[in-house]
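Novice: File upload.cif below, mmCIF, C-alpha atoms and all ligand atoms:
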```
data_start
loop_
_atom_site.group_PDB
_atom_site.id
_atom_site.type_symbol
_atom_site.label_atom_id
_atom_site.label_comp_id
_atom_site.auth_asym_id
_atom_site.auth_seq_id
_atom_site.Cartn_x
_atom_site.Cartn_y
_atom_site.Cartn_z
ATOM 1 C CA MET O 15 89.038 7.336 52.739
ATOM 2 C CA SER O 16 89.282 10.166 55.311
ATOM 3 C CA LEU O 17 88.072 13.695 54.847
ATOM 4 C CA VAL O 18 90.751 16.317 55.506
ATOM 5 C CA VAL O 19 89.420 19.674 56.637
ATOM 6 C CA THR O 20 91.881 22.539 57.055
ATOM 7 C CA ASN O 21 91.388 26.156 58.075
ATOM 8 C CA THR O 22 91.940 27.287 54.532
ATOM 9 C CA ASN O 23 89.072 25.342 53.017
ATOM 10 C CA ILE O 24 86.435 26.323 55.560
ATOM 11 C CA GLN O 25 84.822 29.508 54.197
ATOM 12 C CA THR O 26 82.894 31.757 56.577
ATOM 13 C CA THR O 27 79.603 32.463 54.832
ATOM 14 C CA THR O 28 77.555 33.927 57.689
ATOM 15 C CA LEU O 29 78.323 36.313 60.537
ATOM 16 C CA PRO O 30 76.292 37.352 63.619
ATOM 17 C CA VAL O 31 75.131 40.922 63.000
ATOM 18 C CA MET O 32 73.804 43.096 65.825
ATOM 19 C CA GLU O 33 73.082 46.143 63.688
ATOM 20 C CA ARG O 34 73.989 47.869 60.421
ATOM 21 C CA PHE O 35 73.695 51.575 59.760
ATOM 22 C CA TYR O 36 74.810 54.241 57.321
ATOM 23 C CA THR O 37 76.083 57.270 59.194
ATOM 24 C CA ILE O 38 79.175 59.403 59.582
ATOM 25 C CA GLN O 39 82.295 58.069 61.247
ATOM 26 C CA GLY O 40 82.236 59.795 64.632
ATOM 27 C CA GLU O 41 85.750 58.969 65.820
ATOM 28 C CA GLY O 42 89.405 59.181 64.871
ATOM 29 C CA TYR O 43 91.137 60.003 61.594
ATOM 30 C CA HIS O 44 88.074 59.465 59.367
ATOM 31 C CA GLN O 45 85.728 61.392 61.654
ATOM 32 C CA GLY O 46 83.054 63.186 59.611
ATOM 33 C CA ARG O 47 83.131 60.829 56.596
ATOM 34 C CA ALA O 48 80.099 58.866 55.400
ATOM 35 C CA ALA O 49 80.454 55.201 56.306
ATOM 36 C CA TYR O 50 78.375 52.036 56.481
ATOM 37 C CA PHE O 51 78.811 50.364 59.894
ATOM 38 C CA ILE O 52 78.454 46.616 60.373
ATOM 39 C CA ARG O 53 78.384 45.707 64.078
ATOM 40 C CA LEU O 54 79.150 42.021 64.664
ATOM 41 C CA GLY O 55 78.069 40.150 67.797
ATOM 42 C CA GLY O 56 80.521 38.557 70.230
ATOM 43 C CA CYS O 57 83.154 40.026 72.561
ATOM 44 C CA ASP O 58 85.355 38.313 75.159
ATOM 45 C CA VAL O 59 87.145 41.450 76.410
ATOM 46 C CA GLY O 60 84.603 42.786 78.913
ATOM 47 C CA CYS O 61 85.397 46.515 79.309
ATOM 48 C CA HIS O 62 83.277 47.682 82.274
ATOM 49 C CA TRP O 63 82.595 51.009 80.502
ATOM 50 C CA CYS O 64 81.737 49.500 77.096
ATOM 51 C CA ASP O 65 79.015 51.521 75.369
ATOM 52 C CA VAL O 66 77.606 48.503 73.476
ATOM 53 C CA LYS O 67 77.368 45.637 75.987
ATOM 54 C CA ASP O 68 74.401 44.144 74.114
ATOM 55 C CA SER O 69 76.911 43.110 71.462
ATOM 56 C CA TRP O 70 78.853 40.757 73.744
ATOM 57 C CA ASP O 71 76.766 37.599 73.345
ATOM 58 C CA ALA O 72 77.047 36.526 69.707
ATOM 59 C CA ALA O 73 74.202 34.027 70.119
ATOM 60 C CA LYS O 74 71.741 36.908 70.641
ATOM 61 C CA HIS O 75 72.283 38.188 67.102
ATOM 62 C CA PRO O 76 71.092 36.700 63.811
ATOM 63 C CA LYS O 77 73.618 35.053 61.520
ATOM 64 C CA LEU O 78 73.381 36.780 58.167
ATOM 65 C CA ALA O 79 74.846 35.730 54.844
ATOM 66 C CA ILE O 80 77.884 37.807 53.859
ATOM 67 C CA SER O 81 76.399 38.242 50.381
ATOM 68 C CA ASP O 82 73.257 39.797 51.916
ATOM 69 C CA ILE O 83 75.235 42.017 54.293
ATOM 70 C CA VAL O 84 77.279 43.434 51.407
ATOM 71 C CA ARG O 85 74.281 43.758 49.056
ATOM 72 C CA GLU O 86 72.515 45.868 51.689
ATOM 73 C CA ALA O 87 75.643 47.997 52.275
ATOM 74 C CA ALA O 88 75.946 48.681 48.551
ATOM 75 C CA GLN O 89 72.466 50.285 48.480
ATOM 76 C CA HIS O 90 74.079 53.413 49.979
ATOM 77 C CA PRO O 91 76.424 55.720 48.047
ATOM 78 C CA GLY O 92 79.296 55.730 50.581
ATOM 79 C CA ARG O 93 82.140 53.304 49.914
ATOM 80 C CA ILE O 94 83.697 53.049 53.365
ATOM 81 C CA ALA O 95 82.569 49.984 55.338
ATOM 82 C CA VAL O 96 83.463 50.019 59.049
ATOM 83 C CA ILE O 97 83.444 46.587 60.687
ATOM 84 C CA THR O 98 82.983 46.900 64.432
ATOM 85 C CA GLY O 99 81.331 45.037 67.271
ATOM 86 C CA GLY O 100 81.589 43.487 69.752
ATOM 87 C CA GLU O 101 85.073 42.359 68.904
ATOM 88 C CA PRO O 102 84.983 41.745 65.156
ATOM 89 C CA LEU O 103 88.230 39.732 65.119
ATOM 90 C CA MET O 104 86.527 36.933 67.033
ATOM 91 C CA HIS O 105 85.330 35.967 63.532
ATOM 92 C CA ASN O 106 87.269 35.159 60.384
ATOM 93 C CA LEU O 107 86.761 38.257 58.238
ATOM 94 C CA ASP O 108 88.543 37.174 55.030
ATOM 95 C CA ALA O 109 85.366 36.489 53.044
ATOM 96 C CA LEU O 110 83.586 39.621 54.282
ATOM 97 C CA CYS O 111 86.509 41.828 53.214
ATOM 98 C CA ASP O 112 86.858 40.095 49.844
ATOM 99 C CA THR O 113 83.163 40.612 49.118
ATOM 100 C CA LEU O 114 83.247 44.258 50.238
ATOM 101 C CA HIS O 115 86.301 44.909 48.055
ATOM 102 C CA GLU O 116 84.557 43.294 45.061
ATOM 103 C CA GLN O 117 81.795 45.877 45.515
ATOM 104 C CA GLY O 118 84.273 48.768 45.607
ATOM 105 C CA PHE O 119 84.326 49.359 49.375
ATOM 106 C CA ARG O 120 87.291 50.421 51.421
ATOM 107 C CA THR O 121 87.402 48.171 54.472
ATOM 108 C CA HIS O 122 87.960 49.717 57.908
ATOM 109 C CA ILE O 123 87.994 47.846 61.223
ATOM 110 C CA GLU O 124 87.525 48.967 64.827
ATOM 111 C CA THR O 125 89.272 46.422 67.049
ATOM 112 C CA SER O 126 90.802 45.839 70.464
ATOM 113 C CA GLY O 127 93.370 43.666 68.653
ATOM 114 C CA SER O 128 92.946 40.880 71.198
ATOM 115 C CA SER O 129 92.120 38.111 68.690
ATOM 116 C CA PRO O 130 94.183 37.141 65.620
ATOM 117 C CA LEU O 131 93.958 39.408 62.602
ATOM 118 C CA SER O 132 91.977 38.156 59.613
ATOM 119 C CA GLY O 133 90.635 40.098 56.625
ATOM 120 C CA GLN O 134 92.284 42.555 54.244
ATOM 121 C CA TRP O 135 92.115 46.066 55.683
ATOM 122 C CA ASP O 136 92.483 49.511 54.169
ATOM 123 C CA TRP O 137 92.370 50.999 57.678
ATOM 124 C CA ILE O 138 92.930 49.393 61.078
ATOM 125 C CA THR O 139 91.864 51.327 64.167
ATOM 126 C CA LEU O 140 93.376 49.679 67.229
ATOM 127 C CA SER O 141 91.825 50.558 70.581
ATOM 128 C CA PRO O 142 93.822 48.519 73.114
ATOM 129 C CA LYS O 143 92.213 47.345 76.330
ATOM 130 C CA LYS O 144 93.624 46.527 79.785
ATOM 131 C CA PHE O 145 91.112 43.703 80.108
ATOM 132 C CA LYS O 146 92.592 41.630 77.231
ATOM 133 C CA ALA O 147 95.803 42.900 75.696
ATOM 134 C CA PRO O 148 96.266 43.344 71.942
ATOM 135 C CA LEU O 149 98.485 40.954 69.998
ATOM 136 C CA PRO O 150 101.893 42.518 69.121
ATOM 137 C CA GLU O 151 101.524 42.031 65.349
ATOM 138 C CA ILE O 152 98.313 44.084 65.282
ATOM 139 C CA CYS O 153 100.041 46.961 67.097
ATOM 140 C CA GLN O 154 102.582 47.087 64.258
ATOM 141 C CA GLN O 155 99.913 47.060 61.529
ATOM 142 C CA ALA O 156 97.511 49.637 62.984
ATOM 143 C CA HIS O 157 96.966 52.843 60.993
ATOM 144 C CA GLU O 158 95.436 54.520 64.019
ATOM 145 C CA LEU O 159 95.799 53.957 67.771
ATOM 146 C CA LYS O 160 92.774 55.206 69.707
ATOM 147 C CA VAL O 161 93.084 54.990 73.484
ATOM 148 C CA VAL O 162 90.029 55.530 75.686
ATOM 149 C CA ILE O 163 90.894 57.667 78.705
ATOM 150 C CA PHE O 164 88.916 56.602 81.778
ATOM 151 C CA ASN O 165 91.263 57.982 84.435
ATOM 152 C CA LYS O 166 94.495 59.922 84.643
ATOM 153 C CA THR O 167 96.719 56.845 84.848
ATOM 154 C CA ASP O 168 95.604 55.943 81.316
ATOM 155 C CA PHE O 169 97.961 58.491 79.712
ATOM 156 C CA ALA O 170 101.069 56.522 80.714
ATOM 157 C CA TRP O 171 99.331 53.334 79.589
ATOM 158 C CA ALA O 172 98.568 54.952 76.206
ATOM 159 C CA GLU O 173 102.283 55.738 75.726
ATOM 160 C CA LYS O 174 103.133 52.052 76.151
ATOM 161 C CA TYR O 175 101.035 51.262 73.071
ATOM 162 C CA ALA O 176 102.279 54.253 71.103
ATOM 163 C CA ALA O 177 105.787 52.812 71.556
ATOM 164 C CA LEU O 178 104.624 49.481 70.086
ATOM 165 C CA ALA O 179 102.919 51.089 67.065
ATOM 166 C CA GLY O 180 104.593 51.667 63.687
ATOM 167 C CA GLY O 181 105.987 55.102 62.783
ATOM 168 C CA HIS O 182 103.085 55.789 60.377
ATOM 169 C CA CYS O 183 100.415 55.259 63.062
ATOM 170 C CA ARG O 184 98.175 58.224 64.009
ATOM 171 C CA LEU O 185 97.646 58.657 67.750
ATOM 172 C CA TYR O 186 94.278 59.558 69.335
ATOM 173 C CA LEU O 187 93.041 60.010 72.878
ATOM 174 C CA GLN O 188 89.291 59.603 73.344
ATOM 175 C CA PRO O 189 87.508 60.386 76.620
ATOM 176 C CA GLU O 190 85.368 57.627 78.092
ATOM 177 C CA TRP O 191 81.853 58.898 77.424
ATOM 178 C CA GLU O 192 80.539 58.950 81.001
ATOM 179 C CA LYS O 193 83.707 60.654 82.211
ATOM 180 C CA ALA O 194 84.123 63.064 79.300
ATOM 181 C CA ALA O 195 83.410 66.185 81.382
ATOM 182 C CA GLU O 196 86.229 65.275 83.770
ATOM 183 C CA MET O 197 88.731 63.729 81.319
ATOM 184 C CA THR O 198 88.480 66.023 78.276
ATOM 185 C CA PRO O 199 90.281 68.957 79.978
ATOM 186 C CA LEU O 200 93.077 66.579 81.064
ATOM 187 C CA ILE O 201 93.329 65.235 77.499
ATOM 188 C CA ILE O 202 93.564 68.770 76.093
ATOM 189 C CA ASP O 203 96.397 69.625 78.516
ATOM 190 C CA TYR O 204 98.159 66.364 77.645
ATOM 191 C CA ILE O 205 97.946 66.967 73.887
ATOM 192 C CA LYS O 206 99.314 70.495 74.298
ATOM 193 C CA GLU O 207 102.368 68.964 76.022
ATOM 194 C CA HIS O 208 102.561 65.912 73.701
ATOM 195 C CA PRO O 209 101.504 67.199 70.264
ATOM 196 C CA GLU O 210 101.971 63.847 68.541
ATOM 197 C CA TRP O 211 98.590 62.931 70.046
ATOM 198 C CA GLU O 212 95.198 64.190 68.747
ATOM 199 C CA LEU O 213 91.747 64.426 70.295
ATOM 200 C CA SER O 214 88.993 62.041 69.229
ATOM 201 C CA LEU O 215 85.494 62.839 70.447
ATOM 202 C CA GLN O 216 82.582 60.540 69.780
ATOM 203 C CA ILE O 217 80.875 63.245 67.730
ATOM 204 C CA HIS O 218 77.956 60.984 66.761
ATOM 205 C CA LYS O 219 76.860 61.089 70.419
ATOM 206 C CA TYR O 220 76.851 64.912 70.432
ATOM 207 C CA ILE O 221 74.858 65.186 67.198
ATOM 208 C CA ASN O 222 72.569 62.223 67.949
ATOM 209 C CA VAL O 223 73.266 60.013 64.977
ATOM 210 C CA PRO O 224 74.025 56.271 65.296
HETATM 211 C C1 LIG B 301 82.372 49.408 70.963
HETATM 212 S S1 LIG B 301 84.019 49.252 70.415
HETATM 213 C C2 LIG B 301 83.911 47.884 69.258
HETATM 214 C C3 LIG B 301 85.202 47.541 68.591
HETATM 215 C C4 LIG B 301 86.256 46.834 69.461
HETATM 216 N N1 LIG B 301 85.694 45.877 70.337
HETATM 217 C C5 LIG B 301 87.064 47.847 70.233
HETATM 218 O O1 LIG B 301 86.884 47.950 71.446
HETATM 219 O O2 LIG B 301 87.863 48.543 69.591
HETATM 220 C C6 LIG B 301 84.215 50.668 69.282
HETATM 221 C C7 LIG B 301 85.019 51.817 69.829
HETATM 222 O O3 LIG B 301 84.298 52.429 70.896
HETATM 223 C C8 LIG B 301 85.182 52.705 71.952
HETATM 224 N N2 LIG B 301 84.383 52.790 73.168
HETATM 225 C C9 LIG B 301 83.614 51.817 73.709
HETATM 226 N N3 LIG B 301 82.981 52.257 74.809
HETATM 227 C C10 LIG B 301 83.349 53.542 74.981
HETATM 228 C C11 LIG B 301 83.027 54.534 75.938
HETATM 229 N N4 LIG B 301 82.220 54.283 76.979
HETATM 230 N N5 LIG B 301 83.575 55.767 75.790
HETATM 231 C C12 LIG B 301 84.414 56.030 74.755
HETATM 232 N N6 LIG B 301 84.763 55.138 73.825
HETATM 233 C C13 LIG B 301 84.239 53.905 73.926
HETATM 234 C C14 LIG B 301 86.145 51.537 71.899
HETATM 235 O O4 LIG B 301 87.359 51.768 72.589
HETATM 236 C C15 LIG B 301 86.360 51.398 70.411
HETATM 237 O O5 LIG B 301 87.352 52.310 69.985
HETATM 238 N N1 LIG B 302 78.957 57.236 64.124
HETATM 239 C C1 LIG B 302 79.674 56.279 64.738
HETATM 240 N N2 LIG B 302 81.002 56.299 64.644
HETATM 241 C C2 LIG B 302 81.686 55.276 65.249
HETATM 242 N N3 LIG B 302 83.016 55.066 65.223
HETATM 243 C C3 LIG B 302 83.276 53.909 65.878
HETATM 244 C C4 LIG B 302 82.081 53.371 66.327
HETATM 245 C C5 LIG B 302 81.981 52.013 66.916
HETATM 246 O O1 LIG B 302 81.088 51.754 67.721
HETATM 247 O O2 LIG B 302 82.833 51.195 66.579
HETATM 248 C C6 LIG B 302 81.066 54.245 65.950
HETATM 249 C C7 LIG B 302 79.630 54.287 66.092
HETATM 250 O O3 LIG B 302 78.991 53.474 66.787
HETATM 251 N N4 LIG B 302 79.002 55.314 65.444
HETATM 252 S S1 LIG B 303 86.539 45.327 73.464
HETATM 253 FE FE1 LIG B 303 85.152 46.776 72.465
HETATM 254 S S2 LIG B 303 83.136 45.729 72.337
HETATM 255 FE FE2 LIG B 303 84.442 44.541 73.728
HETATM 256 S S3 LIG B 303 83.873 45.275 75.751
HETATM 257 FE FE3 LIG B 303 85.633 46.518 75.103
HETATM 258 S S4 LIG B 303 84.778 48.321 74.064
HETATM 259 FE FE4 LIG B 303 83.123 46.800 74.256
HETATM 260 MG MG MG B 304 80.179 53.169 69.014
#
```
Take the structure in this file and express it as structure tokens.
Specialist:
Amino acid sequence: MSLVVTNTNIQTTTLPVMERFYTIQGEGYHQGRAAYFIRLGGCDVGCHWCDVKDSWDAAKHPKLAISDIVREAAQHPGRIAVITGGEPLMHNLDALCDTLHEQGFRTHIETSGSSPLSGQWDWITLSPKKFKAPLPEICQQAHELKVVIFNKTDFAWAEKYAALAGGHCRLYLQPEWEKAAEMTPLIIDYIKEHPEWELSLQIHKYINVP
């Protein structure tokens, strides 16, 4: 007798976790709201300006049981869980989202959209990257498009993804942190000319919270 194993009957029970912290969302539409962040290890995109390069190698981070991750999250009063990384969609996130929902969390994801979507999401923040393009179906499903502006050619590139997004999708421009002094004035001018876009600053870095 042979054993048949399909994708649907393999349950992910552990995930590599780089760090977990309860803080305020520093970026985008939910900026300023209390949220529990779960940063998963592993990324194959390789942005040269990435502010969390230690996350890239999944093997460097301990594999934790989903039940333990969610139990720890539930110790805090906030009920927004933000799954980030690394690139969180390198992992199957169905079981993590199910368990978070069972505990009353709203599930938010920060993703480059470059790996297939898994999980059930109350909010999808898509931050597309030139280094590994997002998949078209994720562009359609994103609630928020957040484009990092590293140089002035990135505005035209941002418009390409705005055109692929659904009509409900909020549009944000976020200066690359090291170039914020140079890029923020250009972003402000751009938003004044193109008011469908909004400014996203990484406010956690200004107020020194994680
Ligand atoms: C570290 S990434 C992890 C999630 C996912 N890999 C992604 O890129 O969306 C979280 C967010 O930080 C943004 N980000 C990363 N490095 C940045 C930097 N140097 N300046 C501004 N934003 C940055 C990303 O674009 C993304 O929106
Ligand atoms: N406070 C805070 N807000 C964030 N929003 C997105 C973040 C991320 O790294 O995904 C992040 C983060 O690292 N900290
Ligand atoms: S996709 Fe996200 S985690 Fe990966 S290198 Fe780019 S910013 Fe960093
Ligand atoms: Mg961050």
Novice: Hey, which residues sit close to ligand LIG 302 (chain B)? Say within 9 Å, counting only C-alpha atoms and all ligand atoms, and write them as a ChimeraX atom specification.
Specialist: /O:35-42,44-46,48-49,51-53,65-66,96-100,123-125,216-219,222-224
Novice: Taking only C-alpha atoms into account, which of O:Ile163, O:Ala195, O:Leu215, O:Leu187 comes nearest Trp63 in chain O?
Specialist: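 Going through O:Ile163, O:Ala195, O:Leu215, O:Leu187 one by one, the smallest distance to Trp63 in chain O is for O:Ile163.
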Novice: Measuring atom to atom with all atoms listed in the file, identify which of O:Ala95, O:Cys183, O:Leu29, O:Val161 is nearest to ligand LIG 303 (chain B).
Specialist: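 Using all atoms listed in the file, ligand LIG 303 (chain B) sits closest to O:Val161.
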Novice: Please give me, as a list of chain:residue names, the residues lying within 6 Å of ligand LIG 303 (chain B) when counting all atoms listed in the file.
Specialist: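 So the residues close to ligand LIG 303 (chain B) are O:Cys57, O:Val59, O:Gly60, O:Cys61, O:Cys64, O:Val66, O:Gly99, O:Gly100, O:Glu101, O:Ser126.
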Novice: Select, from O:Pro189, O:Pro150, O:Pro91, O:Gly180, the residue with the minimum atom-to-atom distance to Phe164 in chain O, counting all atoms listed in the file.
Specialist: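 Looking only at the distances to Phe164 in chain O, the closest residue turns out to be O:Pro189.
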Novice: Using the chain letters and numbers from this file, what does the PyMOL selection byres (((chain O and resi 152-157) around 9) and not hetatm) select? Give the answer as a ChimeraX atom specification.
Specialist: /O:127-128,130-131,136-140,142,148-151,158-159,175-176,178-185
Novice: Which polymer residues have any atom within 12 Å of an atom of Pro209 in chain O, counting all atoms listed in the file, with same-chain residues fewer than 4 positions away left out, as a list in words?
Specialist: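 Here the qualifying residues turn out to be Arg184, Leu185, Tyr186, Leu187, Ile201, Ile202, Asp203, Tyr204, Ile205 and Leu213 of chain O.
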Novice: Rounded to one decimal, what separation in Å do you get between CA of Tyr43 in chain O and CA of Ile80 in chain O?
Specialist: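 Distance between the two atoms: 27.0 Å.
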Novice: List the residues matched by the PyMOL selection byres (((chain O and resi 71) around 10) and not hetatm) in the displayed structure as a PyMOL selection string, ordered by chain and then by residue number.
Specialist: chain O and resi 30+32+55-58+67-70+72-75+100
Novice: What does the distance between CA of Trp191 in chain O and atom N2 of ligand LIG 301 (chain B) come to in Å, to one decimal place?
Specialist: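 Separation between CA of Trp191 in chain O and atom N2 of ligand LIG 301 (chain B): 7.9 Å.
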Novice: Report the distance between CA of Gly92 in chain O and CA of Cys111 in chain O in Å, rounded to one decimal place.
Specialist: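 These two atoms are separated by 15.9 Å.
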Novice: Between O:Ala88, O:Leu103, O:Ile221, O:Leu78, which has the minimum distance to His115 in chain O (counting only C-alpha atoms)?
Specialist: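 When distances to His115 in chain O are compared using only C-alpha atoms, the smallest one comes from O:Ala88.
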Novice: Which of these, O:Glu212, O:Glu196, O:Asp168, O:Glu190, has the shortest distance to ligand MG 304 (chain B) once you count all atoms listed in the file?
Specialist: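 Of O:Glu212, O:Glu196, O:Asp168, O:Glu190, the one nearest ligand MG 304 (chain B), counting all atoms listed in the file, is O:Glu190.
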